[in-house]
Each structure stands twice: as structure tokens, then as C-alpha cells.
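These notes concern the structure reproduced below.
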Amino acid sequence: MLAAMTPLAAALLGLVLGAGIGALAAVVVIRRAAKQVRGEIVNRHHLGEILDPLRAAVVVVSDSDRILAASAFAKAIGMARGSSVAPGEVAAVLADARAAGRSAEAELRLPGPAGEILLLAVRAVPLSNGAAVVIAEDRSADLRFSETRRDFVANISHELKTPIGAISLLAEAADSAADDADAVRGFLGKLTRETTRLNELVSQIIALSRLQATGSVLGAQDVPVAGLLESAVARCHHLAEARDISISLQAEPGLLVAGDATELETAVTNLVQNAIAYSEPGARVAVTGNAAGELVEIRVSDNGIGISAEDQARIFERFFRVDADRSRASGGTGLGLSIVKHIAAAHGGEVTVWSRLGQGSTFTLRLPGGREGGLR
Ligand code: ADP
């Protein structure tokens, strides 16, 4: 492919895709290309076309730092302003490279096209004929990923401390009440509850980590929606009975979703468990499955406590709870909806919420699927 391109274009691609071709090879190609750069200037339009699809911001400047070509991303983030490289911080990297006579690098935080702050790895490479290339790679996603990871670990440590602390206190209390059988039994009952909570928390943390690591479904199968909903409702039967909540189930016959049956059942079960946990005794929960174009819509509705508009924006975050005490009392971990969101995304679908405080909530899972025989 490189042979078919102009040498400068090949060199630029080599630089941007440096990790793939090897940075050294890219520099060799650039040196060779540099000798012909004046010829390439005539072909600026062609060069711009090649740069445009690149995810990095790339700007090629002449020996007087006038812009010869810029990728679309470079224009979008304002790195090519008129005929000069901008903003000042990026121009400074180019100036450093010029002064040193070799490539210069810097990590900069600059506003992106939508005003968000981007973390950019900027590199300026002088070419031997006096032209130069400035490349900025967007590292914001890497930064966000490491920040999210750090928060997750901090949250996990905090969440694990509560049951572990309780278990150790209860064990001590049972030990010091050794002569009082009733008290010991009481402490042991509480110990069992805390270990169950710890078990649930660890299982959910593992489930979420696994979902985040894979991000997609391996070996998807056609899963009948009616059976999926029946299994999820059956898993919540005891919880519903204990809280005197009735569950109705209606699923269009013959509907299928493509995916992992166990993960899908977990997602629906989490939604039904929440509908039960956040409703008052005597309430009703409705579970439905219907076709909607090329999607299948699974809805779990309750007439429970509802969620304010402000909290709706946060409930899919890990460990976010509107009322931590109520969540803990119902055995919640704050991870249920985050797991649902990841399962939906891994299946190429989404989960959304409609809710009004004091009126109830409806969670809708939209997943690719269709009728038996019609699923692609
Ligand atoms: P939890 O284990 O605390 O239930 P989730 O991730 O499943 O964690 O849900 C996050 C929070 O969203 C809950 O703590 C609760 O405040 C709110 N929530 C979830 N489902 C409902 C619902 N059906 N009705 C009202 N609030 C809900």
C-alpha cells in the first residue's frame, strides 16, 4: 500500500502508525521523502485527503512554518489556524524541534472540538529540507480509563471494608458472649448476613470486571425472550413473595435476542430485583418483551419510589445509590445497574430509564433481535 502513495504521505502514515510499522522505519521513509518534499507541495490537496481519515491531528508545515496540509482532526481542535500552527503551546513544541534540529515532544491539555479538555501527546519532527510535521495523538481515553480504574479500586476498597469490619466485630462479640447461647446465635445470624453480602459484592465485582475486560459477547446464541423473562422472574420469586409484591409477565411469542443467555438473564434479574426492592409492599411489577423494528424491547416497570431526574443521570454509575441505607438493607451493592449497562452494550444494545419520584420507574433494555426465523 505504501508503494502506491507519495513518499511524504507514506512517511506521515509511517509516523502516525509508528507503532505498527516501527518508528525507525517511519523516520527512514521521512528522510527519503524529505528530499522530494518540494514536489509534494504541488500535491497538497492529495496529501490533505490522505491525512483526513487519520485519528491523530497531523499538520505539515513549510520551512517558514506555513501550513501546507492538515488533517481534519487537526482543524477540528484548532491546531491549524489560518496558515499557522496553533495554539501557542503546540507552536512552542515545533519551535523546540526547530531549535534542537530533531524531534521534540510534549504532553498538553487543550480544549477539544466540543470544549472538553483533551490530553494530547504532541510531537514535532523537522524534515531535512526545512519542512516539518506536527502530530498530536489524543490520549484522553487512556487518561479517562486510568482515572476510572483508580476510582473503581478506591470504591471497591471502601465497599469491602464495611462487611469485613462488621464480620470481624461480630466474631469478637460472639467470642465474648460464649456463655450466652442466645446471644451467640444472634451474632452468628448477623455474621451469616454479612458474609452473604460480602459474597454478593465480590461476585458482582468479578462479573463487572469480566464484562469490562471482554466488552463483547463470545459465542452468541439465539435466546428466546419469553424463556429468558420467565427465568429472571422465577429467580426473583422469593424476594417478591417476601415483600408481598406481584409480578406480571407478558412476552410476545417467538421473539429471540442474539446473545449470552446467562448474561441476559442476569441483566433482567437485576432490573426485576430493583423493581421489587424499591417498591412498597403490595406494589406491582410488570415485565414485558416486545418487538420494535429490528430490536427487542424488554421493559421492567414498577410503581415504586421513583428516581429524581438528577439521580437518573447517575444510577448507571458503579456504586452510585440514591439512598445507601435502603440499598444495603435490600442487599444491594450499587453495581446492579452498572452490570446491566455493560451487558446491554456488549450485546450491541442499551438500557434506558423513565422515572418520576413517587410514581415509579420503567427500565427498558433494547437489544438486537427479532422474530423466530427472521433473526439475521
Ligand atoms: P443497588 O444494588 O443499590 O440496587 P443498582 O446499581 O442496581 O444498585 O441501582 C443503583 C441505584 O439506583 C439504587 O441504589 C437505587 O437508588 C436506584 N434504583 C435502581 N432501580 C430502581 C427502581 N426500580 N426504583 C427506584 N430506584 C431505583
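Ordering of the C-alpha cells sets the chain letters (A, B, ...), residue numbers begin anew at 1 in every chain, and ligands are numbered from 1 in the order given.
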
Taking a cut-off of 8 Å and counting only C-alpha atoms and all ligand atoms, can you build a table that, for each residue of chain A near ligand 1, reports the nearest atom pair and how far apart they are in Å (one decimal), sorted by chain then residue number, as CSV?
residue,atom,partner,partner_atom_place_in_ligand_line,distance
A:Asn270,CA,ligand 1,7 (O),6.4
A:Leu271,CA,ligand 1,20 (N),6.7
A:Val272,CA,ligand 1,23 (N),7.7
A:Gln273,CA,ligand 1,4 (O),7.9
A:Asn274,CA,ligand 1,20 (N),4.6
A:Ala275,CA,ligand 1,23 (N),3.9
A:Ile276,CA,ligand 1,23 (N),7.2
A:Ala277,CA,ligand 1,23 (N),7.4
A:Tyr278,CA,ligand 1,24 (N),4.7
A:Ser279,CA,ligand 1,24 (N),6.8
A:Ser301,CA,ligand 1,23 (N),7.4
A:Asp302,CA,ligand 1,23 (N),6.4
A:Gly304,CA,ligand 1,24 (N),6.0
A:Ile305,CA,ligand 1,25 (C),5.4
A:Gly306,CA,ligand 1,25 (C),4.5
A:Ile307,CA,ligand 1,25 (C),5.2
A:Asp311,CA,ligand 1,12 (O),7.8
A:Gln312,CA,ligand 1,12 (O),7.7
A:Ile315,CA,ligand 1,12 (O),4.6
A:Phe316,CA,ligand 1,6 (O),6.0
A:Glu317,CA,ligand 1,6 (O),7.2
A:Arg318,CA,ligand 1,6 (O),6.6
A:Phe319,CA,ligand 1,6 (O),6.5
A:Phe320,CA,ligand 1,10 (C),5.6
A:Arg321,CA,ligand 1,14 (O),3.4
A:Val322,CA,ligand 1,16 (O),3.7
A:Asp323,CA,ligand 1,16 (O),5.3
A:Ala324,CA,ligand 1,14 (O),6.3
A:Arg326,CA,ligand 1,14 (O),7.4
A:Ser327,CA,ligand 1,3 (O),4.3
A:Arg328,CA,ligand 1,3 (O),6.8
A:Ser330,CA,ligand 1,4 (O),7.7
A:Gly331,CA,ligand 1,2 (O),6.9
A:Gly332,CA,ligand 1,2 (O),3.1
A:Thr333,CA,ligand 1,2 (O),3.8
A:Gly334,CA,ligand 1,8 (O),3.2
A:Leu335,CA,ligand 1,6 (O),4.2
A:Gly336,CA,ligand 1,7 (O),3.5
A:Leu337,CA,ligand 1,6 (O),3.7
A:Ser338,CA,ligand 1,6 (O),5.6
A:Ile339,CA,ligand 1,6 (O),7.6
A:Ser355,CA,ligand 1,24 (N),7.8
A:Gly360,CA,ligand 1,24 (N),6.4
A:Ser361,CA,ligand 1,23 (N),5.4
A:Thr362,CA,ligand 1,23 (N),7.1
A:Phe363,CA,ligand 1,23 (N),7.4

With N, CA and C atoms retained, could you export that selection as a compact mmCIF listing (two decimals), in the first residue's frame?
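As a result, out_22.txt now contains:
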# COMPACT_ATOMS: atom_id res chain seq x y z
N ASN A 270 -31.47 -8.37 37.52
CA ASN A 270 -31.08 -7.17 38.27
C ASN A 270 -32.18 -6.11 38.23
N LEU A 271 -32.79 -5.95 37.05
CA LEU A 271 -33.85 -4.93 36.92
C LEU A 271 -35.08 -5.31 37.74
N VAL A 272 -35.44 -6.61 37.70
CA VAL A 272 -36.63 -7.05 38.45
C VAL A 272 -36.36 -6.95 39.97
N GLN A 273 -35.15 -7.34 40.38
CA GLN A 273 -34.80 -7.25 41.82
C GLN A 273 -34.90 -5.80 42.29
N ASN A 274 -34.42 -4.87 41.47
CA ASN A 274 -34.51 -3.45 41.85
C ASN A 274 -35.97 -3.00 41.94
N ALA A 275 -36.77 -3.41 40.94
CA ALA A 275 -38.18 -3.01 40.92
C ALA A 275 -38.85 -3.47 42.22
N ILE A 276 -38.47 -4.65 42.69
CA ILE A 276 -39.06 -5.17 43.94
C ILE A 276 -38.51 -4.39 45.14
N ALA A 277 -37.16 -4.20 45.14
CA ALA A 277 -36.51 -3.58 46.30
C ALA A 277 -36.93 -2.14 46.50
N TYR A 278 -37.22 -1.43 45.39
CA TYR A 278 -37.53 -0.01 45.53
C TYR A 278 -39.03 0.28 45.36
N SER A 279 -39.85 -0.73 45.73
CA SER A 279 -41.31 -0.54 45.75
C SER A 279 -41.80 -0.85 47.16
N SER A 301 -41.28 -2.50 34.72
CA SER A 301 -41.92 -1.30 35.28
C SER A 301 -42.36 -1.55 36.71
N ASP A 302 -42.25 -0.52 37.53
CA ASP A 302 -42.78 -0.63 38.89
C ASP A 302 -43.52 0.65 39.23
N GLY A 304 -43.08 2.05 42.21
CA GLY A 304 -42.39 2.24 43.47
C GLY A 304 -41.98 3.67 43.74
N ILE A 305 -40.85 3.84 44.44
CA ILE A 305 -40.47 5.17 44.96
C ILE A 305 -40.03 6.15 43.87
N GLY A 306 -39.62 5.64 42.71
CA GLY A 306 -39.20 6.53 41.62
C GLY A 306 -37.81 7.13 41.85
N ILE A 307 -37.29 7.79 40.82
CA ILE A 307 -35.93 8.34 40.86
C ILE A 307 -35.99 9.76 40.30
N ASP A 311 -30.90 12.20 39.78
CA ASP A 311 -30.30 10.90 40.10
C ASP A 311 -30.33 9.95 38.91
N GLN A 312 -31.35 10.11 38.04
CA GLN A 312 -31.42 9.22 36.86
C GLN A 312 -30.14 9.29 36.04
N ILE A 315 -27.54 6.82 38.06
CA ILE A 315 -27.79 5.49 38.62
C ILE A 315 -27.03 4.36 37.92
N PHE A 316 -26.55 4.58 36.68
CA PHE A 316 -25.82 3.51 35.99
C PHE A 316 -24.34 3.52 36.33
N GLU A 317 -23.92 4.51 37.16
CA GLU A 317 -22.51 4.55 37.58
C GLU A 317 -22.27 3.48 38.64
N ARG A 318 -21.05 2.96 38.66
CA ARG A 318 -20.73 1.96 39.67
C ARG A 318 -20.82 2.56 41.06
N PHE A 319 -21.43 1.83 41.96
CA PHE A 319 -21.56 2.16 43.38
C PHE A 319 -22.42 3.39 43.66
N PHE A 320 -23.09 3.94 42.64
CA PHE A 320 -23.98 5.06 42.94
C PHE A 320 -25.31 4.53 43.48
N ARG A 321 -25.74 5.07 44.61
CA ARG A 321 -27.05 4.73 45.17
C ARG A 321 -27.73 6.01 45.60
N VAL A 322 -29.04 6.08 45.37
CA VAL A 322 -29.76 7.27 45.80
C VAL A 322 -29.80 7.29 47.33
N ASP A 323 -30.11 6.14 47.91
CA ASP A 323 -30.22 6.03 49.36
C ASP A 323 -29.42 4.79 49.77
N ALA A 324 -28.18 5.04 50.25
CA ALA A 324 -27.27 3.92 50.52
C ALA A 324 -27.85 2.97 51.57
N ARG A 326 -31.05 2.30 52.25
CA ARG A 326 -32.12 1.46 51.68
C ARG A 326 -31.51 0.39 50.78
N SER A 327 -30.50 0.78 50.00
CA SER A 327 -29.85 -0.18 49.10
C SER A 327 -29.24 -1.32 49.90
N ARG A 328 -28.50 -0.97 50.97
CA ARG A 328 -27.84 -2.02 51.78
C ARG A 328 -28.88 -2.92 52.44
N SER A 330 -31.62 -3.81 51.40
CA SER A 330 -32.22 -4.79 50.47
C SER A 330 -31.13 -5.68 49.87
N GLY A 331 -29.92 -5.62 50.43
CA GLY A 331 -28.83 -6.48 49.93
C GLY A 331 -28.19 -5.93 48.68
N GLY A 332 -28.44 -4.64 48.37
CA GLY A 332 -27.87 -4.04 47.15
C GLY A 332 -26.37 -3.79 47.29
N THR A 333 -25.70 -3.74 46.16
CA THR A 333 -24.26 -3.49 46.16
C THR A 333 -23.92 -2.19 45.43
N GLY A 334 -24.91 -1.61 44.74
CA GLY A 334 -24.63 -0.41 43.95
C GLY A 334 -24.01 -0.74 42.60
N LEU A 335 -23.96 -2.03 42.27
CA LEU A 335 -23.32 -2.42 41.00
C LEU A 335 -24.32 -2.96 39.98
N GLY A 336 -25.55 -3.27 40.46
CA GLY A 336 -26.54 -3.94 39.60
C GLY A 336 -26.77 -3.26 38.27
N LEU A 337 -27.06 -1.96 38.29
CA LEU A 337 -27.38 -1.26 37.04
C LEU A 337 -26.16 -1.07 36.15
N SER A 338 -25.00 -0.94 36.80
CA SER A 338 -23.77 -0.81 36.01
C SER A 338 -23.54 -2.12 35.23
N ILE A 339 -23.84 -3.24 35.88
CA ILE A 339 -23.71 -4.54 35.21
C ILE A 339 -24.72 -4.62 34.05
N SER A 355 -38.57 7.66 34.78
CA SER A 355 -39.00 7.58 36.17
C SER A 355 -39.54 8.91 36.66
N GLY A 360 -43.01 5.89 40.16
CA GLY A 360 -42.46 4.60 39.73
C GLY A 360 -41.43 4.76 38.63
N SER A 361 -40.94 3.62 38.17
CA SER A 361 -39.87 3.64 37.16
C SER A 361 -40.11 2.57 36.11
N THR A 362 -39.62 2.82 34.91
CA THR A 362 -39.61 1.80 33.85
C THR A 362 -38.20 1.76 33.27
N PHE A 363 -37.59 0.60 33.36
CA PHE A 363 -36.27 0.40 32.74
C PHE A 363 -36.50 -0.37 31.44

Next item on the list: Write out as a VMD selection string all residues of stretch 62-204 of chain A that backbone DSSP assigns to helix (DSSP H, G or I).
Entry: chain A and resid 72 to 76 88 to 100 140 to 176 181 to 204

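From atom CA of A:Leu211 back to atom CA of A:Asp142, the distance works out to 18.3 Å.
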
Notebook entry, point to check: Of the residues A:Ala251, A:Leu264, A:Val223, A:Val125, which is the one nearest to A:Ala100, using only C-alpha atoms?
Noted result: A:Val125

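Proximity to A:Glu107 at 12 Å, evaluated using only C-alpha atoms and with sequence-adjacent residues fewer than 6 positions away removed, yields Glu89, Val90, Val93, Leu118, Leu119, Leu120, Ala121, Val122, Arg123, Ala124, Ile135, Ala136, Glu137, Asp138, Arg139, Ser140 and Leu143 of chain A.
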
Notebook entry, point to check: Which residues come within 12 Å of A:Arg185, counting only C-alpha atoms, excluding same-chain residues fewer than 4 positions away, as a list in words?
Noted result: Leu170, Ala171, Ala173, Ala174, Asp175, Ala177, Ala178, Asp179, Asp180, Ala181, Gly189, Lys190, Leu191 and Thr192 of chain A

Item checked: strand (DSSP E) positions in stretch 88-235 of chain A, given as a PyMOL selection string -> chain A and resi 104-111+117-126+132-138+221-224

Put those residues in a file: N, CA, C and O atoms, as a CSV table (one decimal), in the first residue's frame.
chain,number,residue,atom,x,y,z
A,104,ALA,N,10.8,16.9,18.9
A,104,ALA,CA,10.5,17.4,20.3
A,104,ALA,C,9.1,16.9,20.6
A,104,ALA,O,8.3,16.8,19.7
A,105,GLU,N,8.9,16.6,21.9
A,105,GLU,CA,7.6,16.1,22.3
A,105,GLU,C,7.1,16.8,23.5
A,105,GLU,O,7.9,17.4,24.3
A,106,ALA,N,5.8,16.8,23.7
A,106,ALA,CA,5.2,17.4,24.9
A,106,ALA,C,3.8,16.8,25.1
A,106,ALA,O,3.2,16.4,24.1
A,107,GLU,N,3.4,16.7,26.4
A,107,GLU,CA,2.0,16.3,26.7
A,107,GLU,C,1.2,17.5,27.0
A,107,GLU,O,1.6,18.2,28.0
A,108,LEU,N,0.2,17.8,26.3
A,108,LEU,CA,-0.5,19.0,26.5
A,108,LEU,C,-2.0,18.8,26.8
A,108,LEU,O,-2.6,17.8,26.2
A,109,ARG,N,-2.6,19.6,27.6
A,109,ARG,CA,-4.1,19.5,27.8
A,109,ARG,C,-4.7,20.7,27.1
A,109,ARG,O,-4.4,21.9,27.5
A,110,LEU,N,-5.5,20.5,26.1
A,110,LEU,CA,-6.0,21.5,25.2
A,110,LEU,C,-7.5,21.3,25.0
A,110,LEU,O,-8.0,20.2,25.1
A,111,PRO,N,-8.3,22.4,24.8
A,111,PRO,CA,-9.7,22.2,24.6
A,111,PRO,C,-10.0,21.5,23.3
A,111,PRO,O,-9.4,21.8,22.3
A,117,ILE,N,-11.8,18.9,27.6
A,117,ILE,CA,-10.3,19.0,27.7
A,117,ILE,C,-9.7,17.7,27.2
A,117,ILE,O,-10.1,16.6,27.6
A,118,LEU,N,-8.8,17.8,26.2
A,118,LEU,CA,-8.2,16.7,25.6
A,118,LEU,C,-6.7,16.6,26.1
A,118,LEU,O,-6.1,17.6,26.3
A,119,LEU,N,-6.3,15.3,26.4
A,119,LEU,CA,-4.9,15.1,26.7
A,119,LEU,C,-4.2,14.7,25.4
A,119,LEU,O,-4.5,13.7,24.8
A,120,LEU,N,-3.3,15.6,24.9
A,120,LEU,CA,-2.6,15.3,23.6
A,120,LEU,C,-1.2,15.0,23.8
A,120,LEU,O,-0.5,15.8,24.5
A,121,ALA,N,-0.7,14.0,23.1
A,121,ALA,CA,0.8,13.7,23.0
A,121,ALA,C,1.2,14.4,21.7
A,121,ALA,O,0.9,13.9,20.6
A,122,VAL,N,2.0,15.5,21.8
A,122,VAL,CA,2.3,16.3,20.6
A,122,VAL,C,3.8,16.0,20.3
A,122,VAL,O,4.7,16.0,21.2
A,123,ARG,N,4.1,15.8,19.0
A,123,ARG,CA,5.4,15.5,18.6
A,123,ARG,C,5.7,16.4,17.3
A,123,ARG,O,4.8,16.4,16.4
A,124,ALA,N,6.8,17.1,17.3
A,124,ALA,CA,7.1,17.8,16.1
A,124,ALA,C,8.4,17.2,15.5
A,124,ALA,O,9.4,17.0,16.3
A,125,VAL,N,8.4,16.9,14.2
A,125,VAL,CA,9.6,16.3,13.6
A,125,VAL,C,10.1,17.2,12.4
A,125,VAL,O,9.3,17.4,11.4
A,126,PRO,N,11.3,17.8,12.5
A,126,PRO,CA,11.8,18.6,11.4
A,126,PRO,C,12.3,17.6,10.3
A,126,PRO,O,12.8,16.6,10.6
A,132,ALA,N,8.4,20.5,8.2
A,132,ALA,CA,8.3,19.8,9.5
A,132,ALA,C,6.9,19.2,9.6
A,132,ALA,O,6.0,19.7,8.9
A,133,VAL,N,6.8,18.2,10.4
A,133,VAL,CA,5.5,17.6,10.7
A,133,VAL,C,5.2,17.7,12.2
A,133,VAL,O,6.0,17.5,13.0
A,134,VAL,N,3.9,18.1,12.5
A,134,VAL,CA,3.5,18.2,13.9
A,134,VAL,C,2.4,17.2,14.0
A,134,VAL,O,1.4,17.2,13.3
A,135,ILE,N,2.5,16.3,15.0
A,135,ILE,CA,1.5,15.2,15.2
A,135,ILE,C,1.0,15.3,16.6
A,135,ILE,O,1.8,15.4,17.5
A,136,ALA,N,-0.3,15.3,16.8
A,136,ALA,CA,-0.9,15.2,18.2
A,136,ALA,C,-1.8,14.0,18.3
A,136,ALA,O,-2.8,13.9,17.5
A,137,GLU,N,-1.5,13.1,19.2
A,137,GLU,CA,-2.4,12.0,19.4
A,137,GLU,C,-3.2,12.2,20.6
A,137,GLU,O,-2.7,12.7,21.6
A,138,ASP,N,-4.5,11.9,20.5
A,138,ASP,CA,-5.4,12.1,21.6
A,138,ASP,C,-5.3,10.9,22.6
A,138,ASP,O,-5.7,9.8,22.3
A,221,GLN,N,-25.8,-16.8,21.0
A,221,GLN,CA,-26.8,-17.8,20.5
A,221,GLN,C,-28.2,-17.1,20.4
A,221,GLN,O,-28.4,-16.0,21.0
A,222,ASP,N,-29.1,-17.7,19.7
A,222,ASP,CA,-30.5,-17.1,19.7
A,222,ASP,C,-31.2,-17.5,21.0
A,222,ASP,O,-31.4,-18.7,21.3
A,223,VAL,N,-31.5,-16.5,21.8
A,223,VAL,CA,-32.1,-16.7,23.1
A,223,VAL,C,-33.6,-16.3,23.1
A,223,VAL,O,-33.9,-15.2,22.7
A,224,PRO,N,-34.5,-17.3,23.3
A,224,PRO,CA,-35.9,-17.0,23.3
A,224,PRO,C,-36.3,-16.0,24.4
A,224,PRO,O,-35.9,-16.2,25.6

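Comparing A:Ile50, A:Ile298, A:Val85, A:Val202 by their smallest distance to A:Ser71, the closest is A:Ile50 (using only C-alpha atoms).
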
Note to self: Between atom CA of A:Ala344 and atom CA of A:Leu365, what is the distance in Å, rounded to a tenth?
What the structure shows: 7.0 Å

Next item on the list: Kindly indicate which residue among A:Leu357, A:Ile164, A:Val233, A:Ala99 lies nearest to A:Thr288, using only C-alpha atoms for the distances.
Entry: A:Val233

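Take atom CA of A:Ala220 and atom CA of A:Gly370: the distance between them is 14.5 Å.
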
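Closest approach to A:Ala346 among A:Asn155, A:Thr269, A:Thr214, A:Asn199: A:Thr214, based on only C-alpha atoms.
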